[in-house]
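Worksheet: one structure, shown below.
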Amino acid sequence: MRTLPARYVPSGPTARGGMGSIVFCQDSILERRVAVKFLQDATHGRRMDDELAALLKMRSKHVVQIYDICRFPDDCIGIIQEFVDGPDLFESFALPANTNAYYKQLWQVAAGISDIHAVDVIHRDIKPNNMKIDPEGVIKIFDFGLARDAGPTAATVGFVGTPGFAAPELYATAATFTSAVDVYAFGVTALFLATGALPSELTAFPPHPAPAGYFGAIGLGLGAEVIQLLDACLALAPAARPPMSAVRDALARHLLFDKHQALVVFKGRPSYLNSANRNIALDLPTVGRVEISYDGLMFRVTAATGEVFINNGTVSAGQSLPGCCVVALGSQARRNNERAFITFDLSHPEIVL
Amino acid sequence: MSGPHKPGDLIGDRYEIRADVGEGGMQFVYAAYDRLIGRMVALKTPKNKSATKRFKRSAIVAAKVNHPNIAKTLDYVRAGEDRYLIEELIEGQDLQDALLRRSGCLDPFSAAKVFHYLVRGVAAAHHAGVVHRDLKPTNVMVVGGYSLTEIKVTDFGIAKMADEELAEAAEGGTSTMTTSQTAVGALPYMAPEAIETPRAVGPSADIWSIGAMMFHLLTGAPPFGTGLAAVRKILEAAPPPMPSFLTSNPQFAPLAKEISNIVLLCLQKDPSLRPTADDIIERCGRLCYSLDPRAEGTVHRIDYGAYGFISCDGPDVFFHTSSVYGPRAAQIGASVIFASYLGGGAYRAHPVVVVDPSPTAA
């Protein structure tokens, strides 16, 4: 073992991470626990520096923070990281209590991976064992497989300890890592978090995911859009997998299902359109009439007759309302006292974890 | 005590001073380049001997709290007699400089967001047994200006040192209160018990301070005024009246009312009656607010006193005067901050807050 600076006093067990050993230490100067991860930086020095710089700059709620870096003479580096005092998602597995609890877990993981991809880094080792729940209940991703760009041989898959998370294309000779590798591993993680197990075709070498998908059958009452996206994460072809940010955004919409509201002000009187009051009809007799409904995800025009304008534009049934708008009944050809104006302000609670 | 430093000074063989980014009552603050890792950091160092005494302790306190809404503690360096705290460099401004100095108040949507993030950070500290004790607009950092990209509470550790000075000032009576630089800035946001029994304040003193700050953000002024006169009013703790613009406009009234209700709960004289940070998170989690980025522009036309247009980078933005929040009306020439939405012809602005009401000389 390399000698760490004296301020870091090893405490507790040494864990084997996917890519190198991790030593838990007490930082005797700032009196806090840290996790020091050692990585061999033999062949990809330049690249590893780029990735470390990106990770140091990144600020994500769902990725462990890096405090410091130590360099050793033998091309090994030590990454001093935040110690997350909590169980990993593999250890703490329990069937999701309800759909929303499941969405909340997946949204956090998807948000963390999206943040990593946004700085052009690929995690390379996404799996439930590499995610911890901190004392505030926030999921944090750790243990980057930095600068590893050769695909796993049977031997290297062995070190992961949990076969099934490496994407099918990594079993080809001369495989390269793309961010779609993380998307695939996210899909497998999502399946594990829903059921606590993986079907045998996913743990095979190489895995051959069923084209029909898995998420329609897991029985959590997931939204159709979520099922379609999660199944697409497990597509055999990397290009058919969605970007992580698209998965994150869809999960956010569904997390807020039935929680959006529109504040409608007509003649100085406010009223709300929300899950308790899903439909509104605005009627100016002989001039125009419009019906607007909330379906739990969007506010949409369901019917419109006569002179109806949203933000001065014409209206058709099925169109969704922008974040903030004015509905006018009566065209601009009329005098103002023959027209009615109704403001719509759309908002929702914020997902803050 | 160490500093002031000049650009180019090297600290601990590693941190190269790049720029002075301002000083607080207790410390110098610099932007520095970490040569080992190759990133910019914030470097803080105490200004005087009495502050140096507690600096290490304060660094340890700050390092205990790890949360996205709290500035991250990275390192602590001792070089001879000098002490340095290395923190994440937040590339923004404090709440006072970034927002309040210009607009006076925030629209209720932005205020709700600040409330939510602020109380998240403070709750994480309270869970770790850390009380800030000196929450005020200059201790809250904002990235992205009015768009509020990031909100982070800072100077947790320093608060521990400031605490001692605040306690001394409070015990010295009102004359000391108004001469201690630290006390003057903190005073409008200080809980009654922080003035009466300064050495025995708990997490609920932070809750009061959050309430006082939110009152300021929403209404444009601290709840009990500033300076000497504030002391008596804070001790009386009569519920401060809310200005009429909070509730006069039906487009803002429902959210403004919800926020001000929580604020009034925080501003109760008896600390045991105030909500906990977790209680406030629960209530903020139910608030509905839009989060669209804000832009700045100038009102260049108003028709019939009812609607007008804002010029900015890009095409003109339409606004209705009922979308203007705050005590100031949007006259022609006024600088305004607004969010905009796709409209039929022009984009439509909502909400609109005036930052500089005076029409510019043509």
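We name chains A, B, ... following the order of the structure tokens; residues begin at 1 in each chain, and ligands are numbered from 1 as shown.
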
I want to know what sits within 8 Å of A:His254, based on only C-alpha atoms, with residues of the same chain fewer than 6 positions away left out; could you give that as number ranges by chain? A: 103, 223, 297

Hey, can you spit out that residue selection with N, CA, C and O atoms as a compact mmCIF listing (two decimals), in the first residue's frame?
```
# COMPACT_ATOMS: atom_id res chain seq x y z
N TYR A 103 -40.17 5.67 -8.77
CA TYR A 103 -39.82 6.80 -9.63
C TYR A 103 -38.76 7.68 -8.98
O TYR A 103 -37.83 8.16 -9.62
N GLY A 223 -46.17 4.45 -15.86
CA GLY A 223 -46.75 5.14 -17.00
C GLY A 223 -46.21 4.56 -18.31
O GLY A 223 -45.08 4.06 -18.36
N LEU A 297 -50.55 15.02 -16.40
CA LEU A 297 -49.22 15.33 -16.91
C LEU A 297 -49.21 16.68 -17.63
O LEU A 297 -48.24 17.42 -17.55
```

Output the contact residues of chain A with respect to chain B at a cut-off of 8 Å, based on only C-alpha atoms, as a ChimeraX atom specification. /A:29-32,53,56-57,59-61,67-69,136,260-261,263,265,268-270,310-313,322-325,346-352

Do you have the atom CA of B:His5-atom CA of B:Phe156 distance handy? 23.1 Å

Within 12 Å of A:Val247 using only C-alpha atoms, minus same-chain residues under 2 positions, as a ChimeraX atom specification: /A:103,106-114,183-184,186-187,190,225-233,241-245,249-254

Those same residues, written as a PDB file, in the first residue's frame with C-alpha atoms?
```
ATOM      1  CA  TYR A 103     -39.818   6.801  -9.635  1.00  0.00           C
ATOM      2  CA  LEU A 106     -34.799   6.046 -10.570  1.00  0.00           C
ATOM      3  CA  TRP A 107     -35.059   9.805 -11.044  1.00  0.00           C
ATOM      4  CA  GLN A 108     -32.149  10.412  -8.672  1.00  0.00           C
ATOM      5  CA  VAL A 109     -29.963   7.807 -10.383  1.00  0.00           C
ATOM      6  CA  ALA A 110     -30.904   9.137 -13.824  1.00  0.00           C
ATOM      7  CA  ALA A 111     -30.172  12.703 -12.663  1.00  0.00           C
ATOM      8  CA  GLY A 112     -26.715  11.675 -11.382  1.00  0.00           C
ATOM      9  CA  ILE A 113     -25.820   9.832 -14.596  1.00  0.00           C
ATOM     10  CA  SER A 114     -27.133  12.751 -16.706  1.00  0.00           C
ATOM     11  CA  VAL A 183     -27.752   3.834 -20.126  1.00  0.00           C
ATOM     12  CA  TYR A 184     -27.836   0.041 -20.506  1.00  0.00           C
ATOM     13  CA  PHE A 186     -29.096   2.020 -15.715  1.00  0.00           C
ATOM     14  CA  GLY A 187     -31.798  -0.099 -17.376  1.00  0.00           C
ATOM     15  CA  ALA A 190     -33.872  -0.168 -12.784  1.00  0.00           C
ATOM     16  CA  GLU A 225     -43.980   6.580 -21.503  1.00  0.00           C
ATOM     17  CA  VAL A 226     -41.763   5.356 -18.647  1.00  0.00           C
ATOM     18  CA  ILE A 227     -42.180   1.691 -19.662  1.00  0.00           C
ATOM     19  CA  GLN A 228     -41.240   2.505 -23.241  1.00  0.00           C
ATOM     20  CA  LEU A 229     -38.125   4.483 -22.191  1.00  0.00           C
ATOM     21  CA  LEU A 230     -36.877   1.942 -19.622  1.00  0.00           C
ATOM     22  CA  ASP A 231     -37.293  -0.893 -22.138  1.00  0.00           C
ATOM     23  CA  ALA A 232     -35.380   1.197 -24.680  1.00  0.00           C
ATOM     24  CA  CYS A 233     -32.489   1.511 -22.191  1.00  0.00           C
ATOM     25  CA  ARG A 241     -31.025   3.630 -26.226  1.00  0.00           C
ATOM     26  CA  PRO A 242     -32.360   7.044 -25.121  1.00  0.00           C
ATOM     27  CA  PRO A 243     -30.123   9.778 -23.731  1.00  0.00           C
ATOM     28  CA  MET A 244     -30.070   9.657 -19.925  1.00  0.00           C
ATOM     29  CA  SER A 245     -31.478  13.181 -19.677  1.00  0.00           C
ATOM     30  CA  ASP A 249     -37.143  14.285 -17.582  1.00  0.00           C
ATOM     31  CA  ALA A 250     -39.840  11.682 -18.200  1.00  0.00           C
ATOM     32  CA  LEU A 251     -39.412  10.359 -14.654  1.00  0.00           C
ATOM     33  CA  ALA A 252     -39.735  13.917 -13.291  1.00  0.00           C
ATOM     34  CA  ARG A 253     -43.021  14.422 -15.162  1.00  0.00           C
ATOM     35  CA  HIS A 254     -44.415  11.217 -13.732  1.00  0.00           C
TER      36      HIS A 254
END
```

So that I can check the surroundings of stretch 177-181 of chain A, please list as a ChimeraX atom specification every protein, DNA and RNA residue that reaches within 12 Å of it, counting only C-alpha atoms and ignoring chain neighbours fewer than 3 positions away. /A:113-127,145-152,165-172,174,184-188,232-245

Quick one: pick out all helix (DSSP H, G or I) residues within stretch 111-268 of chain A from a backbone DSSP run and write them as a PyMOL selection string. chain A and resi 111-118+128-130+154-160+168-171+179-195+200-203+215-217+224-233+238-240+244-255

Gap from atom CA of A:Ser21 to atom CA of A:Leu55 - Å, one decimal: 19.2 Å

Those in stretch 33-258 of chain A with strand (DSSP E or B) from DSSP, as a ChimeraX atom specification: /A:33-40,63,66-71,76-82,88,131-133,139-141

Selection above as a file: N, CA, C and O atoms, as a tab-separated table (two decimals), in the first residue's frame:
```tsv
chain	number	residue	atom	x	y	z
A	33	ARG	N	-14.84	11.80	8.14
A	33	ARG	CA	-14.48	10.56	7.45
A	33	ARG	C	-14.42	10.79	5.95
A	33	ARG	O	-15.22	11.55	5.41
A	34	VAL	N	-13.48	10.14	5.30
A	34	VAL	CA	-13.38	10.22	3.85
A	34	VAL	C	-13.17	8.81	3.31
A	34	VAL	O	-12.78	7.90	4.04
A	35	ALA	N	-13.44	8.62	2.03
A	35	ALA	CA	-13.13	7.37	1.36
A	35	ALA	C	-12.03	7.67	0.36
A	35	ALA	O	-12.16	8.58	-0.45
A	36	VAL	N	-10.92	6.93	0.46
A	36	VAL	CA	-9.82	7.16	-0.47
A	36	VAL	C	-9.79	6.01	-1.45
A	36	VAL	O	-9.69	4.85	-1.08
A	37	LYS	N	-9.93	6.35	-2.72
A	37	LYS	CA	-9.92	5.32	-3.75
A	37	LYS	C	-8.60	5.37	-4.50
A	37	LYS	O	-8.18	6.44	-4.96
A	38	PHE	N	-7.92	4.23	-4.60
A	38	PHE	CA	-6.65	4.17	-5.33
A	38	PHE	C	-6.90	3.66	-6.74
A	38	PHE	O	-7.60	2.68	-6.94
A	39	LEU	N	-6.31	4.35	-7.68
A	39	LEU	CA	-6.45	3.94	-9.07
A	39	LEU	C	-5.07	3.88	-9.71
A	39	LEU	O	-4.24	4.76	-9.49
A	40	GLN	N	-4.84	2.83	-10.48
A	40	GLN	CA	-3.58	2.73	-11.21
A	40	GLN	C	-3.72	3.53	-12.50
A	40	GLN	O	-4.66	3.34	-13.26
A	63	VAL	N	-23.99	12.59	-7.15
A	63	VAL	CA	-22.68	11.98	-7.37
A	63	VAL	C	-21.82	12.38	-6.17
A	63	VAL	O	-21.87	13.53	-5.74
A	66	ILE	N	-15.75	14.93	-4.71
A	66	ILE	CA	-14.32	14.66	-4.58
A	66	ILE	C	-13.69	15.86	-3.88
A	66	ILE	O	-13.87	17.00	-4.31
A	67	TYR	N	-12.99	15.61	-2.79
A	67	TYR	CA	-12.37	16.71	-2.05
A	67	TYR	C	-10.96	17.00	-2.55
A	67	TYR	O	-10.53	18.12	-2.62
A	68	ASP	N	-10.22	15.94	-2.82
A	68	ASP	CA	-8.80	16.13	-3.07
A	68	ASP	C	-8.24	14.93	-3.85
A	68	ASP	O	-8.88	13.89	-3.95
A	69	ILE	N	-7.03	15.12	-4.37
A	69	ILE	CA	-6.34	14.08	-5.12
A	69	ILE	C	-4.92	13.96	-4.56
A	69	ILE	O	-4.29	14.97	-4.27
A	70	CYS	N	-4.42	12.72	-4.39
A	70	CYS	CA	-3.00	12.52	-4.04
A	70	CYS	C	-2.35	11.77	-5.19
A	70	CYS	O	-2.96	10.87	-5.76
A	71	ARG	N	-1.13	12.14	-5.51
A	71	ARG	CA	-0.41	11.40	-6.55
A	71	ARG	C	0.76	10.66	-5.91
A	71	ARG	O	1.43	11.19	-5.03
A	76	CYS	N	0.20	5.82	-9.39
A	76	CYS	CA	-1.08	5.55	-8.77
A	76	CYS	C	-1.61	6.87	-8.24
A	76	CYS	O	-0.84	7.74	-7.84
A	77	ILE	N	-2.92	7.04	-8.30
A	77	ILE	CA	-3.47	8.24	-7.67
A	77	ILE	C	-4.50	7.83	-6.63
A	77	ILE	O	-5.13	6.78	-6.71
A	78	GLY	N	-4.64	8.66	-5.62
A	78	GLY	CA	-5.64	8.45	-4.58
A	78	GLY	C	-6.66	9.56	-4.69
A	78	GLY	O	-6.31	10.73	-4.73
A	79	ILE	N	-7.92	9.17	-4.78
A	79	ILE	CA	-8.99	10.18	-4.86
A	79	ILE	C	-9.65	10.27	-3.50
A	79	ILE	O	-10.21	9.28	-3.01
A	80	ILE	N	-9.54	11.44	-2.86
A	80	ILE	CA	-10.13	11.63	-1.54
A	80	ILE	C	-11.57	12.08	-1.75
A	80	ILE	O	-11.82	13.15	-2.28
A	81	GLN	N	-12.51	11.23	-1.33
A	81	GLN	CA	-13.91	11.50	-1.61
A	81	GLN	C	-14.72	11.63	-0.33
A	81	GLN	O	-14.35	11.12	0.71
A	82	GLU	N	-15.85	12.25	-0.49
A	82	GLU	CA	-16.87	12.30	0.54
A	82	GLU	C	-17.18	10.87	1.00
A	82	GLU	O	-17.35	9.98	0.17
A	88	ASP	N	-25.57	0.76	0.46
A	88	ASP	CA	-25.70	0.89	-0.99
A	88	ASP	C	-27.04	0.29	-1.41
A	88	ASP	O	-27.74	-0.37	-0.63
A	131	MET	N	-24.07	2.81	-5.66
A	131	MET	CA	-24.94	3.93	-5.31
A	131	MET	C	-25.28	3.79	-3.83
A	131	MET	O	-25.64	2.71	-3.38
A	132	LYS	N	-25.13	4.90	-3.11
A	132	LYS	CA	-25.42	4.86	-1.67
A	132	LYS	C	-26.51	5.86	-1.32
A	132	LYS	O	-26.67	6.87	-1.99
A	133	ILE	N	-27.22	5.57	-0.23
A	133	ILE	CA	-28.23	6.51	0.26
A	133	ILE	C	-27.63	7.24	1.45
A	133	ILE	O	-27.27	6.61	2.45
A	139	ILE	N	-29.72	9.71	-2.94
A	139	ILE	CA	-28.90	8.68	-3.57
A	139	ILE	C	-27.69	9.31	-4.23
A	139	ILE	O	-27.81	10.32	-4.94
A	140	LYS	N	-26.51	8.76	-3.98
A	140	LYS	CA	-25.27	9.27	-4.56
A	140	LYS	C	-24.52	8.16	-5.27
A	140	LYS	O	-24.31	7.08	-4.71
A	141	ILE	N	-24.09	8.45	-6.49
A	141	ILE	CA	-23.35	7.50	-7.29
A	141	ILE	C	-21.86	7.66	-7.00
A	141	ILE	O	-21.38	8.78	-6.86
```

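Here atom CA of A:Gln65 stands at a distance of 26.6 Å from atom CA of B:Ile280.
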